[in-house]
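Structure first, commentary second.
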There are 2 protein chains.
Amino acid sequence: MTVIAPDAVCTPQGLKIGHTVVVEDGSIIGVDPAGRHPVDVALPGRVLLPGLVNAHSHAFQRAFRGHVQWRAAGSDDFWSWRDRMYAVANGLDPEGVQAVSALAFLEMALAGVTHVGEFHYLHHQADGTPYADPDELAKRVIAAATEVGIRITLLRVAYARGGPGAALRPDQARFADCSPADVLDALARLQPLQSDPRVRLGLAAHSVRALDASWLAALSAWPGVVHAHVSEQPAENEACLAEHGRSPTAVLEHAGLVHDRFTAVHLTWPLQGDVDRLAAAGARVCVCPTTEQDLGDGWLPMEPRLRLPLCVGSDSHARIDLFEEARCLELHGRAVAGRRNVLAPEGEPDGLAHRLLQSASAEGARALGGAGGGIAVGQPADLVAVDLRRTAADGVPPLQAAAFVATPEWVDHVWVAGRAVVVDGAHPRQEEIRRAAAPHLSRAAV
Amino acid sequence: MTVIAPDAVCTPQGLKIGHTVVVEDGSIIGVDPAGRHPVDVALPGRVLLPGLVNAHSHAFQRAFRGHVQWRAAGSDDFWSWRDRMYAVANGLDPEGVQAVSALAFLEMALAGVTHVGEFHYLHHQADGTPYADPDELAKRVIAAATEVGIRITLLRVAYARGGPGAALRPDQARFADCSPADVLDALARLQPLQSDPRVRLGLAAHSVRALDASWLAALSAWPGVVHAHVSEQPAENEACLAEHGRSPTAVLEHAGLVHDRFTAVHLTWPLQGDVDRLAAAGARVCVCPTTEQDLGDGWLPMEPRLRLPLCVGSDSHARIDLFEEARCLELHGRAVAGRRNVLAPEGEPDGLAHRLLQSASAEGARALGGAGGGIAVGQPADLVAVDLRRTAADGVPPLQAAAFVATPEWVDHVWVAGRAVVVDGAHPRQEEIRRAAAPHLSRAAV
């Protein structure tokens, strides 16, 4: 039994002051007034949050952080960025994929992320030839997460074409499967990895660009969580309307993929009726605000922002800061709407901060098929301590400080399933993980 | 003589690796290849940047950080926020103004800010009665900056009415002057404070809301820098068009205030011809992206973003992070334009990062009337070391890391005029300054 004593605890019912959190066998067995148990871990000045959930990640893209920020104005957009991203993707061998993924997951752990949804589309050798073990790279990515000690839901991607009526480009060969059955078979082969309770599997239907109607319909047999990139760019909508006569969301709905296990990633450019479709199904949106700005996608409009459950992801990992992603849900909404406090529930001073922090925890957990994400008896002991003993937090209520001011550097203790992963701001294997990744990081601008 | 040896130095010509910066009598006297001098301050793993310049600050607003983030959705906007801000402004006595300003300036110093432009409009007692010394509060704010050790340009605000044809509201009495001559007299009385080379004076014409045409014309006699809030909200434009038949920028131009010493703060909603007016005059824009989102103002459009020199400010101090303000110049531009690298100069891999960091340093210095902001011989020794020995910076080129990834916590050494203000991430008087501010910070939601 471990008794953790922060100054304040963020529970599903709101902030509790002067309480301890009691952990046993990986779960929370008590949230009790201080004094009831001898304290094992005293955390003065900290607020304890539920572990942050990064619901949309392409871990390998950490390899080129800072190397795609300079193309001359007027000559760069989402699509030219994608070309350069492919070049990096195709340059990584299995060791590189594992090492760079471990670096990304290490940075996540240090930033308070206890569970990542990895939208995994690197399957084969760069020319499309399968590895001797066809699941080599999926296993590498999962190994990277378990090495760091965070939970992973591997969202195994189906990717079959270069666009409507277009074959795969040579630089997309690494992502491709021959049939929907191959995708479901891969998921079946990976099932035994779930014997580690930190590992879960999901399906990613990459996008309506990459999959036609017959693929999408066949993939609807998958009984677990389904994620898809949806309406990230206007050009995707235009191509989809030309092919199907309906929006990407409507195409996914028609294929049977829009249900309460479905997460639409981005939805920056929803079309008429799309929000109704998702709301009716109980689906949600994963917003990736820092990436959506970095790639020039735009901002989520107000209708989905107000009507649908929102979770967040750091996606391309231009930065890894779930506090920033979560606060952008509100702040970008303010700038779109020309008003303040657009997501604030009625009457509760902490309500808005609490809601944003839940988007970065419980809502993300739901998107990944888990029940976790709250500090309550019976929940997994995924916990993050945020140090508020900083000049920037002086005078600021704890949840407001975490939601509106904190940076990853404020995180100093992290537990996953009751196991201490980050202690005093450090991970026990961080230098080793950083050394292993170094040779695989881009050294020249791409 | 002090010789500082970081890994890399950000100079006006770009990044220099393996150079030392030599400081004497508050100025830079050398940027020389390593080995020429014995090193006094070794800074392995750091990039040395010019001191950051926060060109638009209302320091007292730090008092209510985190206390205005919760009003129920639909009932809050810029104007209702302003009502609550006034209540805080009117609750601070001179000790409170000084203590809260010192806290804000301390947080700035810790975040790498070496020069603040303080847009100062708290002049009198809350009921409008002048203090025994009519410049009491201006002197308090300047004392707060010198106590922390950063440069301040006090932009002394003129404020005369509640809006077109409207008398001041009772809660605006604290800001008011009786005549333009009173404003210029106050500036004359404050001149002796400039015997401290870290203190400079400027004029702030609050806005076309707060000043009529005759006031604006009279204030144009001021020979130094002039700042004004311009077109922050659509309602300001509408009222101005109704009163004058021209835009706020055109009204200021007509009054003789738009020149190369002029900085338009915000310009979120420029009207037809405004960018031409500012460009023709050699004027610039101070953008405050985090505040402009927080208040639901919106985002700077592309035309001024591309055509005018840009500096940045943390304004309401919802956060104090000049790296974030600077990167938003580019990232918000991408989301507005639907493209990437909108501010990138041609051909230079470091060009965009360099430009953003210059907006947060040299451009800000120009807006405040100074020549500084670059690490070059003859410049003031205002320097900031950013520690890149972090997991999040692994593999990222130094200027890209500072511009696109760094947080205030990465700053660990700061010099102002050659004097070490922050050493190893700490300010020598920080605990005393924090204790003094604590009783004046809002304890209840406002």
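Going by the structure tokens order, chains are called A, B, ..., each with residues numbered from 1, while ligands are numbered from 1 in the order shown.
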What lies within 8 Å of Leu331 of chain B using only C-alpha atoms, ignoring chain neighbours under 4 positions off, as a compact mmCIF listing (two decimals) with C-alpha atoms, in the first residue's frame?
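See selection.txt below for the written result:
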# COMPACT_ATOMS: atom_id res chain seq x y z
CA GLN A 293 -1.73 25.07 -36.20
CA ASP A 294 1.70 23.80 -37.19
CA GLY A 296 -1.91 25.11 -41.27
CA ARG B 327 5.81 31.36 -32.03
CA ALA B 335 -3.98 28.46 -39.27
**Study point:** Every residue of segment 230-401 of chain B that DSSP places in helix (DSSP H, G or I), as a VMD selection string
**Key:** chain B and resid 234 to 244 248 to 254 274 to 281 289 to 294 302 to 307 322 to 337 351 to 359 362 to 367 391 to 393 398 to 401
Practice item. Return the neighbours of chain B among the residues of chain A, cut-off 6 Å, counting only C-alpha atoms, as number ranges by chain. Key: A: 66, 70, 72-73, 76-77, 293-298, 331, 334-335, 338-342, 344-346, 349, 352, 395-396, 400, 441
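Of the listed residues B:Cys286, B:Leu271, B:Cys10, B:Ala436, the one whose atoms come nearest to Asn54 of chain B is B:Cys286, with distances taken using only C-alpha atoms.
Candidate residues B:Val23, B:Val47, B:Leu267, B:Ala367 were compared for distance to Ser231 of chain B, and the nearest is B:Leu267, using only C-alpha atoms.
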Review point. Can you list, as a list in words, every protein, DNA or RNA residue that comes within 9 Å of Val423 of chain A when you count only C-alpha atoms, leaving out same-chain residues fewer than 3 positions away?
Key: Asp412, His413, Val414, Trp415, Ala420, Ala426, His427 and Pro428 of chain A
Review point. Using only C-alpha atoms, which residues sit within 10 Å of segment 87-96 of chain B once same-chain residues fewer than 5 positions away are excluded, as a ChimeraX atom specification?
Key: /B:60-61,63-64,82,101-102,121-127,131,136-141,171-175,436-442,446
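Residues in contact with Val287 of chain B at 8 Å, where only C-alpha atoms are counted and same-chain residues fewer than 6 positions away are skipped, are listed as B:Val265, B:His266, B:Leu267, B:Leu300, B:Leu310, B:Cys311, B:Val312, B:Gly313, B:Glu325, B:Leu329.
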Check your understanding: In segment 373-422 of chain A, what's strand (DSSP E) per DSSP? Answer as a PyMOL selection string?
Key -> chain A and resi 383-387+411-416+419-422
For the residues in the current selection, export N, CA, C and O atoms as a PDB file, in the first residue's frame.
ATOM      1  N   LEU A 383      -1.424   8.542 -12.091  1.00  0.00           N
ATOM      2  CA  LEU A 383      -1.432   9.795 -11.334  1.00  0.00           C
ATOM      3  C   LEU A 383      -0.293  10.701 -11.755  1.00  0.00           C
ATOM      4  O   LEU A 383       0.799  10.233 -12.080  1.00  0.00           O
ATOM      5  N   VAL A 384      -0.544  12.004 -11.711  1.00  0.00           N
ATOM      6  CA  VAL A 384       0.455  13.009 -12.083  1.00  0.00           C
ATOM      7  C   VAL A 384       0.480  14.108 -11.030  1.00  0.00           C
ATOM      8  O   VAL A 384      -0.568  14.704 -10.751  1.00  0.00           O
ATOM      9  N   ALA A 385       1.655  14.390 -10.496  1.00  0.00           N
ATOM     10  CA  ALA A 385       1.790  15.501  -9.557  1.00  0.00           C
ATOM     11  C   ALA A 385       2.342  16.716 -10.286  1.00  0.00           C
ATOM     12  O   ALA A 385       3.353  16.630 -10.986  1.00  0.00           O
ATOM     13  N   VAL A 386       1.644  17.839 -10.134  1.00  0.00           N
ATOM     14  CA  VAL A 386       2.048  19.098 -10.761  1.00  0.00           C
ATOM     15  C   VAL A 386       2.472  20.054  -9.651  1.00  0.00           C
ATOM     16  O   VAL A 386       1.700  20.332  -8.727  1.00  0.00           O
ATOM     17  N   ASP A 387       3.702  20.540  -9.768  1.00  0.00           N
ATOM     18  CA  ASP A 387       4.284  21.370  -8.710  1.00  0.00           C
ATOM     19  C   ASP A 387       3.850  22.821  -8.872  1.00  0.00           C
ATOM     20  O   ASP A 387       4.228  23.488  -9.838  1.00  0.00           O
ATOM     21  N   VAL A 411       5.495  19.114 -14.064  1.00  0.00           N
ATOM     22  CA  VAL A 411       5.227  17.724 -13.659  1.00  0.00           C
ATOM     23  C   VAL A 411       6.460  17.181 -12.951  1.00  0.00           C
ATOM     24  O   VAL A 411       7.569  17.268 -13.486  1.00  0.00           O
ATOM     25  N   ASP A 412       6.290  16.630 -11.753  1.00  0.00           N
ATOM     26  CA  ASP A 412       7.494  16.056 -11.136  1.00  0.00           C
ATOM     27  C   ASP A 412       7.356  14.627 -10.638  1.00  0.00           C
ATOM     28  O   ASP A 412       8.364  13.997 -10.355  1.00  0.00           O
ATOM     29  N   HIS A 413       6.135  14.094 -10.545  1.00  0.00           N
ATOM     30  CA  HIS A 413       5.967  12.684 -10.200  1.00  0.00           C
ATOM     31  C   HIS A 413       4.851  12.098 -11.062  1.00  0.00           C
ATOM     32  O   HIS A 413       3.811  12.745 -11.228  1.00  0.00           O
ATOM     33  N   VAL A 414       5.085  10.897 -11.552  1.00  0.00           N
ATOM     34  CA  VAL A 414       4.081  10.228 -12.387  1.00  0.00           C
ATOM     35  C   VAL A 414       4.027   8.756 -12.001  1.00  0.00           C
ATOM     36  O   VAL A 414       5.076   8.108 -11.869  1.00  0.00           O
ATOM     37  N   TRP A 415       2.806   8.262 -11.810  1.00  0.00           N
ATOM     38  CA  TRP A 415       2.595   6.836 -11.574  1.00  0.00           C
ATOM     39  C   TRP A 415       1.720   6.249 -12.678  1.00  0.00           C
ATOM     40  O   TRP A 415       0.751   6.894 -13.110  1.00  0.00           O
ATOM     41  N   VAL A 416       2.070   5.042 -13.117  1.00  0.00           N
ATOM     42  CA  VAL A 416       1.227   4.303 -14.058  1.00  0.00           C
ATOM     43  C   VAL A 416       0.902   2.965 -13.408  1.00  0.00           C
ATOM     44  O   VAL A 416       1.825   2.214 -13.034  1.00  0.00           O
ATOM     45  N   ARG A 419       2.772   2.252 -10.360  1.00  0.00           N
ATOM     46  CA  ARG A 419       4.224   2.165 -10.428  1.00  0.00           C
ATOM     47  C   ARG A 419       4.804   3.550 -10.703  1.00  0.00           C
ATOM     48  O   ARG A 419       4.366   4.236 -11.626  1.00  0.00           O
ATOM     49  N   ALA A 420       5.799   3.954  -9.918  1.00  0.00           N
ATOM     50  CA  ALA A 420       6.402   5.279 -10.100  1.00  0.00           C
ATOM     51  C   ALA A 420       7.250   5.264 -11.361  1.00  0.00           C
ATOM     52  O   ALA A 420       8.240   4.538 -11.459  1.00  0.00           O
ATOM     53  N   VAL A 421       6.863   6.055 -12.350  1.00  0.00           N
ATOM     54  CA  VAL A 421       7.553   6.113 -13.637  1.00  0.00           C
ATOM     55  C   VAL A 421       8.465   7.340 -13.688  1.00  0.00           C
ATOM     56  O   VAL A 421       9.562   7.283 -14.242  1.00  0.00           O
ATOM     57  N   VAL A 422       8.005   8.424 -13.111  1.00  0.00           N
ATOM     58  CA  VAL A 422       8.811   9.649 -13.009  1.00  0.00           C
ATOM     59  C   VAL A 422       8.864  10.039 -11.534  1.00  0.00           C
ATOM     60  O   VAL A 422       7.826  10.092 -10.867  1.00  0.00           O
TER      61      VAL A 422
END
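One finds atom CA of Leu278 of chain A at 22.7 Å from atom CA of Tyr159 of chain A.
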Practice item. Would you work out the distance separating atom CA of Arg284 of chain A from atom CA of Leu154 of chain A, expressed in Å to one decimal? Key: 18.3 Å
Could you list, as an mmCIF file with N, CA and C atoms, in the first residue's frame, every residue within 8 Å of segment 215-229 of chain B, counting only C-alpha atoms and ignoring same-chain residues fewer than 3 positions away?
data_model
loop_
_atom_site.group_PDB
_atom_site.id
_atom_site.type_symbol
_atom_site.label_atom_id
_atom_site.label_comp_id
_atom_site.auth_asym_id
_atom_site.auth_seq_id
_atom_site.Cartn_x
_atom_site.Cartn_y
_atom_site.Cartn_z
ATOM 1 N N LEU B 155 5.237 53.544 -20.260
ATOM 2 C CA LEU B 155 4.395 54.180 -21.283
ATOM 3 C C LEU B 155 3.235 54.827 -20.533
ATOM 4 N N SER B 179 -6.320 67.156 -18.644
ATOM 5 C CA SER B 179 -6.023 67.756 -19.950
ATOM 6 C C SER B 179 -4.788 67.081 -20.538
ATOM 7 N N PRO B 180 -4.597 67.219 -21.839
ATOM 8 C CA PRO B 180 -3.365 66.663 -22.441
ATOM 9 C C PRO B 180 -2.111 67.239 -21.797
ATOM 10 N N ALA B 181 -2.197 68.519 -21.407
ATOM 11 C CA ALA B 181 -1.025 69.138 -20.777
ATOM 12 C C ALA B 181 -0.653 68.416 -19.490
ATOM 13 N N LEU B 184 1.488 65.449 -20.437
ATOM 14 C CA LEU B 184 2.854 65.829 -20.830
ATOM 15 C C LEU B 184 3.627 66.373 -19.621
ATOM 16 N N LEU B 201 11.013 56.566 -20.695
ATOM 17 C CA LEU B 201 9.619 57.011 -20.702
ATOM 18 C C LEU B 201 9.059 57.036 -22.117
ATOM 19 N N GLY B 202 7.786 56.739 -22.224
ATOM 20 C CA GLY B 202 7.077 56.846 -23.490
ATOM 21 C C GLY B 202 5.659 57.301 -23.213
ATOM 22 N N LEU B 203 4.932 57.576 -24.267
ATOM 23 C CA LEU B 203 3.544 58.024 -24.142
ATOM 24 C C LEU B 203 2.621 56.926 -24.662
ATOM 25 N N ALA B 204 1.547 56.689 -23.915
ATOM 26 C CA ALA B 204 0.506 55.799 -24.426
ATOM 27 C C ALA B 204 -0.787 56.589 -24.570
ATOM 28 N N ALA B 205 -1.238 56.716 -25.790
ATOM 29 C CA ALA B 205 -2.582 57.249 -26.041
ATOM 30 C C ALA B 205 -3.500 56.041 -25.934
ATOM 31 N N HIS B 206 -4.253 55.930 -24.847
ATOM 32 C CA HIS B 206 -4.874 54.641 -24.510
ATOM 33 C C HIS B 206 -5.570 53.994 -25.690
ATOM 34 N N SER B 207 -6.475 54.751 -26.330
ATOM 35 C CA SER B 207 -7.264 54.219 -27.454
ATOM 36 C C SER B 207 -8.151 55.349 -27.961
ATOM 37 N N LEU B 211 -9.942 58.687 -25.830
ATOM 38 C CA LEU B 211 -9.418 60.032 -26.143
ATOM 39 C C LEU B 211 -10.112 60.579 -27.384
ATOM 40 N N ASP B 212 -10.524 61.855 -27.326
ATOM 41 C CA ASP B 212 -11.146 62.440 -28.514
ATOM 42 C C ASP B 212 -10.078 63.073 -29.416
ATOM 43 N N GLU B 232 -8.832 46.495 -31.203
ATOM 44 C CA GLU B 232 -8.772 45.189 -30.531
ATOM 45 C C GLU B 232 -10.095 44.450 -30.677
ATOM 46 N N LEU B 252 -5.882 58.180 -35.545
ATOM 47 C CA LEU B 252 -4.568 58.412 -34.939
ATOM 48 C C LEU B 252 -3.621 59.075 -35.940
ATOM 49 N N ALA B 255 -4.352 62.680 -36.328
ATOM 50 C CA ALA B 255 -3.895 63.453 -35.166
ATOM 51 C C ALA B 255 -2.375 63.610 -35.141
ATOM 52 N N GLY B 256 -1.689 62.987 -36.069
ATOM 53 C CA GLY B 256 -0.235 63.124 -36.111
ATOM 54 C C GLY B 256 0.505 62.136 -35.228
ATOM 55 N N LEU B 257 -0.181 61.064 -34.832
ATOM 56 C CA LEU B 257 0.459 60.102 -33.917
ATOM 57 C C LEU B 257 1.045 58.887 -34.623
ATOM 58 N N ARG B 261 7.845 56.186 -34.685
ATOM 59 C CA ARG B 261 7.938 55.927 -33.248
ATOM 60 C C ARG B 261 6.640 55.325 -32.700
ATOM 61 N N PHE B 262 5.720 54.982 -33.604
ATOM 62 C CA PHE B 262 4.386 54.524 -33.180
ATOM 63 C C PHE B 262 4.263 52.996 -33.224
ATOM 64 N N THR B 263 3.632 52.462 -32.172
ATOM 65 C CA THR B 263 3.311 51.035 -32.118
ATOM 66 C C THR B 263 1.819 50.860 -31.883
ATOM 67 N N ALA B 264 1.157 50.188 -32.824
ATOM 68 C CA ALA B 264 -0.261 49.851 -32.681
ATOM 69 C C ALA B 264 -0.357 48.524 -31.936
ATOM 70 N N VAL B 265 -0.981 48.547 -30.774
ATOM 71 C CA VAL B 265 -1.111 47.320 -29.993
ATOM 72 C C VAL B 265 -2.387 46.593 -30.406
ATOM 73 N N HIS B 266 -2.263 45.327 -30.743
ATOM 74 C CA HIS B 266 -3.340 44.405 -31.166
ATOM 75 C C HIS B 266 -3.601 44.476 -32.686
ATOM 76 N N LEU B 267 -4.345 45.489 -33.150
ATOM 77 C CA LEU B 267 -4.732 45.589 -34.567
ATOM 78 C C LEU B 267 -5.414 44.310 -35.062
ATOM 79 N N ALA B 367 10.370 49.114 -30.623
ATOM 80 C CA ALA B 367 9.060 49.665 -30.232
ATOM 81 C C ALA B 367 9.173 50.512 -28.977
ATOM 82 N N LEU B 368 10.152 50.204 -28.138
ATOM 83 C CA LEU B 368 10.334 50.955 -26.891
ATOM 84 C C LEU B 368 11.415 52.024 -27.031
ATOM 85 N N GLY B 369 11.855 52.258 -28.269
ATOM 86 C CA GLY B 369 12.756 53.374 -28.526
ATOM 87 C C GLY B 369 14.217 53.069 -28.317
#
Check your understanding: Expressed in Å to a single decimal, how great is the separation between atom CA of Pro6 of chain A and atom CA of Leu49 of chain A?
Key -> 10.1 Å
For Val22 of chain B: contacts at 6 Å, only C-alpha atoms, fewer than 6 positions along chain excluded, given as a PDB file with all heavy atoms, in the first residue's frame:
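To be explicit, this is the file written out as result.pdb:
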ATOM      1  N   THR B   2      33.624  40.152 -18.200  1.00  0.00           N
ATOM      2  CA  THR B   2      33.047  38.831 -17.974  1.00  0.00           C
ATOM      3  C   THR B   2      32.965  38.096 -19.312  1.00  0.00           C
ATOM      4  O   THR B   2      32.448  38.641 -20.292  1.00  0.00           O
ATOM      5  CB  THR B   2      31.624  38.954 -17.381  1.00  0.00           C
ATOM      6  OG1 THR B   2      31.686  39.757 -16.200  1.00  0.00           O
ATOM      7  CG2 THR B   2      31.049  37.588 -17.047  1.00  0.00           C
ATOM      8  N   VAL B   3      33.483  36.889 -19.321  1.00  0.00           N
ATOM      9  CA  VAL B   3      33.460  36.086 -20.555  1.00  0.00           C
ATOM     10  C   VAL B   3      32.474  34.936 -20.369  1.00  0.00           C
ATOM     11  O   VAL B   3      32.630  34.106 -19.466  1.00  0.00           O
ATOM     12  CB  VAL B   3      34.870  35.555 -20.883  1.00  0.00           C
ATOM     13  CG1 VAL B   3      34.819  34.696 -22.138  1.00  0.00           C
ATOM     14  CG2 VAL B   3      35.844  36.714 -21.047  1.00  0.00           C
ATOM     15  N   ILE B  28      28.357  44.719 -24.624  1.00  0.00           N
ATOM     16  CA  ILE B  28      29.061  43.612 -25.272  1.00  0.00           C
ATOM     17  C   ILE B  28      30.276  44.195 -25.978  1.00  0.00           C
ATOM     18  O   ILE B  28      30.146  45.097 -26.814  1.00  0.00           O
ATOM     19  CB  ILE B  28      28.122  42.904 -26.272  1.00  0.00           C
ATOM     20  CG1 ILE B  28      26.927  42.287 -25.512  1.00  0.00           C
ATOM     21  CG2 ILE B  28      28.876  41.846 -27.069  1.00  0.00           C
ATOM     22  CD1 ILE B  28      25.774  41.871 -26.407  1.00  0.00           C
ATOM     23  N   ILE B  29      31.467  43.717 -25.624  1.00  0.00           N
ATOM     24  CA  ILE B  29      32.674  44.234 -26.282  1.00  0.00           C
ATOM     25  C   ILE B  29      33.320  43.196 -27.194  1.00  0.00           C
ATOM     26  O   ILE B  29      34.270  43.500 -27.909  1.00  0.00           O
ATOM     27  CB  ILE B  29      33.709  44.768 -25.257  1.00  0.00           C
ATOM     28  CG1 ILE B  29      34.182  43.645 -24.327  1.00  0.00           C
ATOM     29  CG2 ILE B  29      33.131  45.934 -24.448  1.00  0.00           C
ATOM     30  CD1 ILE B  29      35.458  44.002 -23.564  1.00  0.00           C
ATOM     31  N   GLY B  30      32.763  41.983 -27.190  1.00  0.00           N
ATOM     32  CA  GLY B  30      33.305  40.989 -28.111  1.00  0.00           C
ATOM     33  C   GLY B  30      32.383  39.794 -28.271  1.00  0.00           C
ATOM     34  O   GLY B  30      31.707  39.393 -27.330  1.00  0.00           O
TER      35      GLY B  30
END
